[in-house]
file start_4.cif (mmCIF, C-alpha atoms)
data_entry
#
loop_
_atom_site.label_atom_id
_atom_site.label_comp_id
_atom_site.auth_asym_id
_atom_site.auth_seq_id
_atom_site.Cartn_x
_atom_site.Cartn_y
_atom_site.Cartn_z
CA MET O 7 42.15 41.37 283.29
CA THR O 8 40.83 43.50 286.12
CA MET O 9 41.04 47.27 286.27
CA LYS O 10 43.38 47.03 289.29
CA THR O 11 45.85 44.93 287.29
CA MET O 12 45.69 47.34 284.33
CA GLN O 13 46.38 50.28 286.65
CA ARG O 14 49.15 48.66 288.73
CA LEU O 15 51.20 46.81 286.10
CA PRO O 16 52.79 49.86 284.39
CA LEU O 17 53.36 51.57 287.75
CA VAL O 18 55.09 48.54 289.25
CA LEU O 19 57.19 47.90 286.14
CA ALA O 20 58.33 51.53 286.04
CA ALA O 21 59.12 51.75 289.76
CA ALA O 22 62.52 53.35 290.29
CA SER O 23 62.96 53.42 294.05
CA LEU O 24 62.97 51.07 297.02
CA VAL O 25 59.88 51.53 299.13
CA ALA O 26 58.70 49.29 301.95
CA CYS O 27 55.71 49.92 304.17
CA SER O 28 53.65 47.48 306.16
CA GLU O 29 50.89 47.52 308.70
CA VAL O 30 49.45 44.25 309.95
CA THR O 31 46.50 43.64 312.23
CA THR O 32 44.64 40.45 313.07
CA ALA O 33 42.05 39.50 310.48
CA PRO O 34 39.03 37.25 311.00
CA GLU O 35 39.30 33.85 309.41
CA VAL O 36 37.66 33.66 306.00
CA ALA O 37 37.79 30.19 304.49
CA LEU O 38 39.44 30.42 301.09
CA PRO O 39 38.47 27.93 298.40
CA ASP O 40 40.56 24.76 298.23
CA ALA O 41 42.91 25.29 295.25
CA ALA O 42 42.73 21.63 294.21
CA ASN O 43 38.93 21.77 294.05
CA LEU O 44 38.94 25.11 292.23
CA ALA O 45 40.98 23.68 289.38
CA LEU O 46 38.39 20.95 288.93
CA GLN O 47 35.41 23.34 289.03
CA ASN O 48 36.41 25.82 286.36
CA ALA O 49 38.60 26.05 283.28
CA ALA O 50 40.57 29.26 283.01
CA THR O 51 40.47 31.60 280.02
CA SER O 52 43.66 32.82 278.40
CA ASN O 53 44.38 35.93 276.33
CA ILE O 54 47.53 37.29 274.71
CA VAL O 55 47.80 41.10 274.76
CA PRO O 56 50.45 43.21 272.96
CA PHE O 57 52.74 45.06 275.35
CA ALA O 58 55.13 48.00 274.92
CA MET O 59 56.61 50.45 277.41
CA GLY O 60 59.84 52.12 278.49
CA ALA O 61 61.42 51.06 281.79
CA TRP O 62 64.20 52.93 283.60
CA VAL O 63 67.13 50.68 284.58
CA SER O 64 69.24 52.77 286.95
CA CYS O 65 72.21 50.37 287.02
CA ALA O 66 72.53 50.04 283.23
CA ASN O 67 74.98 52.01 281.09
CA GLY O 68 77.86 51.69 283.56
CA GLY O 69 75.69 53.00 286.42
CA ALA O 70 74.47 56.08 284.51
CA GLY O 71 71.14 54.34 283.84
CA GLU O 72 69.06 54.22 280.70
CA THR O 73 65.53 53.69 279.49
CA VAL O 74 64.89 50.27 278.00
CA ASP O 75 62.13 50.13 275.37
CA LEU O 76 60.23 46.87 275.84
CA GLU O 77 57.98 45.06 273.40
CA GLY O 78 56.29 41.68 273.31
CA ASP O 79 53.12 40.14 274.63
CA LEU O 80 51.56 39.57 278.01
CA ARG O 81 49.67 36.34 278.60
CA PHE O 82 46.62 36.80 280.84
CA VAL O 83 44.99 33.76 282.42
CA THR O 84 41.77 34.57 284.29
CA GLN O 85 39.47 32.47 286.41
CA THR O 86 36.23 33.25 288.27
CA ILE O 87 34.61 30.67 290.54
CA THR O 88 31.63 30.65 292.88
CA ASP O 89 32.21 28.23 295.75
CA GLN O 90 29.71 26.08 297.67
CA HIS O 91 29.17 28.91 300.21
CA GLY O 92 28.31 31.52 297.56
CA GLY O 93 31.73 33.16 297.76
CA THR O 94 33.34 34.45 294.58
CA PHE O 95 37.01 33.81 293.83
CA GLU O 96 38.68 35.74 290.98
CA ARG O 97 42.26 35.23 289.88
CA THR O 98 44.30 36.86 287.12
CA HIS O 99 47.79 35.63 286.28
CA VAL O 100 49.91 37.73 283.90
CA GLN O 101 53.20 36.59 282.40
CA PRO O 102 55.56 38.24 279.89
CA TRP O 103 55.49 36.29 276.65
CA GLY O 104 58.46 37.03 274.43
CA VAL O 105 59.16 40.43 275.99
CA TRP O 106 62.45 41.91 274.79
CA GLY O 107 63.91 45.38 275.03
CA MET O 108 66.77 47.56 273.88
CA GLY O 109 68.55 50.23 275.89
CA ARG O 110 68.16 53.68 274.30
CA ALA O 111 71.69 54.82 275.21
CA THR O 112 73.71 51.62 274.83
CA GLY O 113 71.64 49.46 272.48
CA ALA O 114 72.03 46.65 275.04
CA ARG O 115 69.46 43.88 274.74
CA TYR O 116 67.21 42.91 277.69
CA LYS O 117 64.76 40.08 278.27
CA GLY O 118 61.65 40.67 280.39
CA VAL O 119 60.57 37.76 282.61
CA GLY O 120 58.36 37.29 285.65
CA MET O 121 54.74 37.10 286.67
CA THR O 122 51.96 39.15 288.19
CA GLN O 123 49.07 37.56 290.04
CA GLU O 124 45.97 39.20 291.46
CA MET O 125 43.41 37.33 293.56
CA GLN O 126 40.20 38.44 295.21
CA TYR O 127 37.83 36.39 297.33
CA GLU O 128 34.50 37.74 298.57
CA VAL O 129 31.95 35.92 300.71
CA PRO O 130 28.21 36.78 300.81
CA ALA O 131 28.54 38.14 304.37
CA GLY O 132 30.70 40.96 302.96
CA GLU O 133 34.16 39.82 304.03
CA SER O 134 36.86 39.93 301.37
CA ARG O 135 40.52 39.26 300.75
CA TYR O 136 42.60 40.83 298.01
CA SER O 137 46.18 39.92 297.07
CA PHE O 138 48.48 41.29 294.40
CA VAL O 139 51.97 39.89 293.76
CA ASN O 140 54.36 41.14 291.08
CA ASN O 141 57.81 39.79 290.28
CA PHE O 142 59.37 41.30 287.17
CA ARG O 143 62.95 41.17 285.94
CA LEU O 144 64.79 42.80 283.10
CA ILE O 145 67.83 40.65 282.39
CA GLY O 146 70.66 42.37 280.52
CA LYS O 147 73.97 41.11 279.21
CA GLY O 148 76.85 41.12 281.68
CA PRO O 149 76.94 41.68 285.43
CA GLY O 150 75.33 44.52 287.35
CA ASN O 151 72.60 45.65 284.95
CA ASP O 152 69.65 43.39 285.80
CA LEU O 153 66.55 45.09 287.22
CA HIS O 154 64.42 43.17 289.75
CA ILE O 155 61.02 44.55 290.78
CA HIS O 156 58.94 42.95 293.52
CA ALA O 157 55.60 44.11 294.94
CA VAL O 158 53.09 42.52 297.31
CA THR O 159 49.76 43.94 298.45
CA HIS O 160 47.31 42.14 300.70
CA MET O 161 44.09 43.56 302.14
CA SER O 162 41.30 41.95 304.18
CA THR O 163 37.96 43.50 305.14
CA ASP O 164 35.36 42.41 307.66
CA VAL O 165 31.59 42.00 307.12
CA ASN O 166 31.14 45.78 307.43
CA GLY O 167 33.70 46.51 304.72
CA ILE O 168 36.22 47.80 307.26
CA MET O 169 39.88 47.08 306.55
CA VAL O 170 41.17 44.63 309.17
CA ALA O 171 44.54 43.79 307.62
CA SER O 172 46.77 45.52 305.13
CA VAL O 173 50.28 44.79 303.92
CA GLU O 174 52.14 46.54 301.12
CA VAL O 175 55.77 45.91 300.23
CA GLN O 176 57.62 47.12 297.14
CA SER O 177 61.25 46.90 296.12
CA THR O 178 63.29 47.74 293.07
CA GLU O 179 66.89 46.50 292.93
CA CYS O 180 69.69 46.22 290.45
CA HIS O 181 71.89 43.12 290.35
#
call {"tool": "encode", "arguments": {"input": "start_4.cif", "output": "structure tokens"}}
result
Amino acid sequence: MTMKTMQRLPLVLAAASLVACSEVTTAPEVALPDAANLALQNAATSNIVPFAMGAWVSCANGGAGETVDLEGDLRFVTQTITDQHGGTFERTHVQPWGVWGMGRATGARYKGVGMTQEMQYEVPAGESRYSFVNNFRLIGKGPGNDLHIHAVTHMSTDVNGIMVASVEVQSTECH
């Protein structure tokens, strides 16, 4: 698990507003490793980590909202590969594993599902690409009290370490 994932996961899960911001410029082409070849080159490592936090679900409790106390495990699968050009590819995939919660006000039961993936690719010349994707859902009983959180971040830098592309989108919705 990278430090970026540790820092972003609680923030994204606890997001309570809809925010969208994007800025896109043209990035130089950096050849990413072929995913099929990467799987053959390296076996991933997997870890299970205990997880507990409170998440605000604004649409729960008849629209009054409530904090849902979540507990369970997070499964982290990590992989680091050096390709034939000397580039380094790192990927972390995080998935809730038996995450359940209970609403503090209503006692309603929620199930946490989704995934978070973080990827970084750096080539010896100094160019890099970083991507972070989070899709998390708290599914409650009945209509109108499910929380959906989505976040995407993508950044690319050139050989001088200058940002040449940046996209960041976040949304939090109740269904």
call {"tool": "resolve_selection", "arguments": {"input": "start_4.cif", "expression": "the PyMOL selection byres ((chain O and resi 105) around 12)", "output": "ChimeraX atom specification"}}
result
/O:55-60,74-81,101-104,106-108,115-120,142-145
call {"tool": "write_last_selection", "arguments": {"input": "start_4.cif", "atoms": "C-alpha atoms", "output": "JSON list (two decimals), in the frame of the given file"}}
result
[["chain", "number", "residue", "atom", "x", "y", "z"],
["O", 55, "VAL", "CA", 47.80, 41.10, 274.76],
["O", 56, "PRO", "CA", 50.45, 43.21, 272.96],
["O", 57, "PHE", "CA", 52.74, 45.06, 275.35],
["O", 58, "ALA", "CA", 55.13, 48.00, 274.92],
["O", 59, "MET", "CA", 56.61, 50.45, 277.41],
["O", 60, "GLY", "CA", 59.84, 52.12, 278.49],
["O", 74, "VAL", "CA", 64.89, 50.27, 278.00],
["O", 75, "ASP", "CA", 62.13, 50.13, 275.37],
["O", 76, "LEU", "CA", 60.23, 46.87, 275.84],
["O", 77, "GLU", "CA", 57.98, 45.06, 273.40],
["O", 78, "GLY", "CA", 56.29, 41.68, 273.31],
["O", 79, "ASP", "CA", 53.12, 40.14, 274.63],
["O", 80, "LEU", "CA", 51.56, 39.57, 278.01],
["O", 81, "ARG", "CA", 49.67, 36.34, 278.60],
["O", 101, "GLN", "CA", 53.20, 36.59, 282.40],
["O", 102, "PRO", "CA", 55.56, 38.24, 279.89],
["O", 103, "TRP", "CA", 55.49, 36.29, 276.65],
["O", 104, "GLY", "CA", 58.46, 37.03, 274.43],
["O", 106, "TRP", "CA", 62.45, 41.91, 274.79],
["O", 107, "GLY", "CA", 63.91, 45.38, 275.03],
["O", 108, "MET", "CA", 66.77, 47.56, 273.88],
["O", 115, "ARG", "CA", 69.46, 43.88, 274.74],
["O", 116, "TYR", "CA", 67.21, 42.91, 277.69],
["O", 117, "LYS", "CA", 64.76, 40.08, 278.27],
["O", 118, "GLY", "CA", 61.65, 40.67, 280.39],
["O", 119, "VAL", "CA", 60.57, 37.76, 282.61],
["O", 120, "GLY", "CA", 58.36, 37.29, 285.65],
["O", 142, "PHE", "CA", 59.37, 41.30, 287.17],
["O", 143, "ARG", "CA", 62.95, 41.17, 285.94],
["O", 144, "LEU", "CA", 64.79, 42.80, 283.10],
["O", 145, "ILE", "CA", 67.83, 40.65, 282.39]]
call {"tool": "closest_residue", "arguments": {"input": "start_4.cif", "among": "O:Thr159, O:Thr112, O:Thr86, O:Thr94", "to": "O:Val129", "atoms": "only C-alpha atoms"}}
result
O:Thr94
call {"tool": "resolve_selection", "arguments": {"input": "start_4.cif", "expression": "the PyMOL selection byres ((chain O and resi 180) around 10)", "output": "PDB file with C-alpha atoms, in the coordinates of the input"}}
result
ATOM      1  CA  VAL O  63      67.130  50.680 284.580  1.00  0.00           C
ATOM      2  CA  SER O  64      69.240  52.770 286.950  1.00  0.00           C
ATOM      3  CA  CYS O  65      72.210  50.370 287.020  1.00  0.00           C
ATOM      4  CA  ALA O  66      72.530  50.040 283.230  1.00  0.00           C
ATOM      5  CA  GLY O  69      75.690  53.000 286.420  1.00  0.00           C
ATOM      6  CA  ARG O 143      62.950  41.170 285.940  1.00  0.00           C
ATOM      7  CA  LEU O 144      64.790  42.800 283.100  1.00  0.00           C
ATOM      8  CA  ILE O 145      67.830  40.650 282.390  1.00  0.00           C
ATOM      9  CA  PRO O 149      76.940  41.680 285.430  1.00  0.00           C
ATOM     10  CA  GLY O 150      75.330  44.520 287.350  1.00  0.00           C
ATOM     11  CA  ASN O 151      72.600  45.650 284.950  1.00  0.00           C
ATOM     12  CA  ASP O 152      69.650  43.390 285.800  1.00  0.00           C
ATOM     13  CA  LEU O 153      66.550  45.090 287.220  1.00  0.00           C
ATOM     14  CA  HIS O 154      64.420  43.170 289.750  1.00  0.00           C
ATOM     15  CA  ILE O 155      61.020  44.550 290.780  1.00  0.00           C
ATOM     16  CA  THR O 178      63.290  47.740 293.070  1.00  0.00           C
ATOM     17  CA  GLU O 179      66.890  46.500 292.930  1.00  0.00           C
ATOM     18  CA  HIS O 181      71.890  43.120 290.350  1.00  0.00           C
TER      19      HIS O 181
END
call {"tool": "atom_distance", "arguments": {"input": "start_4.cif", "atom1": "atom CA of O:Val83", "atom2": "atom CA of O:Gln123"}}
result
9.4 Å
call {"tool": "closest_residue", "arguments": {"input": "start_4.cif", "among": "O:Ala61, O:Glu128, O:Thr122, O:Gln176", "to": "O:Thr88", "atoms": "all atoms listed in the file"}}
result
O:Glu128
call {"tool": "atom_distance", "arguments": {"input": "start_4.cif", "atom1": "atom CA of O:Gly93", "atom2": "atom CA of O:Met121"}}
result
25.8 Å
call {"tool": "closest_residue", "arguments": {"input": "start_4.cif", "among": "O:Ala111, O:Val173, O:Val100, O:Ile87", "to": "O:Trp62", "atoms": "all atoms listed in the file"}}
result
O:Ala111
call {"tool": "atom_distance", "arguments": {"input": "start_4.cif", "atom1": "atom CA of O:Glu133", "atom2": "atom CA of O:Arg97"}}
result
16.9 Å
call {"tool": "axis_aligned_box", "arguments": {"input": "start_4.cif", "around": "stretch 82-95 of chain O", "padding_each_side": "4 Å", "output": "JSON"}}
result
{"center_x": 37.5, "center_y": 31.4, "center_z": 290.5, "size_x": 26.3, "size_y": 18.7, "size_z": 27.4}
call {"tool": "resolve_selection", "arguments": {"input": "start_4.cif", "expression": "the PyMOL selection byres ((chain O and resi 161-170) around 6)", "output": "ChimeraX atom specification"}}
result
/O:33,131-136,160,171-172
call {"tool": "closest_residue", "arguments": {"input": "start_4.cif", "among": "O:Val175, O:Ala114, O:Met125, O:Ala70", "to": "O:Gly148", "atoms": "all atoms listed in the file"}}
result
O:Ala114
call {"tool": "closest_residue", "arguments": {"input": "start_4.cif", "among": "O:Gly109, O:Ile54, O:Gln85, O:His156", "to": "O:Thr73", "atoms": "only C-alpha atoms"}}
result
O:Gly109
call {"tool": "residues_near_point", "arguments": {"input": "start_4.cif", "point": "(52.4, 39.3, 293.3)", "cutoff": "7 Å", "atoms": "only C-alpha atoms", "output": "PyMOL selection string"}}
result
chain O and resi 122-124+138-141+157-158
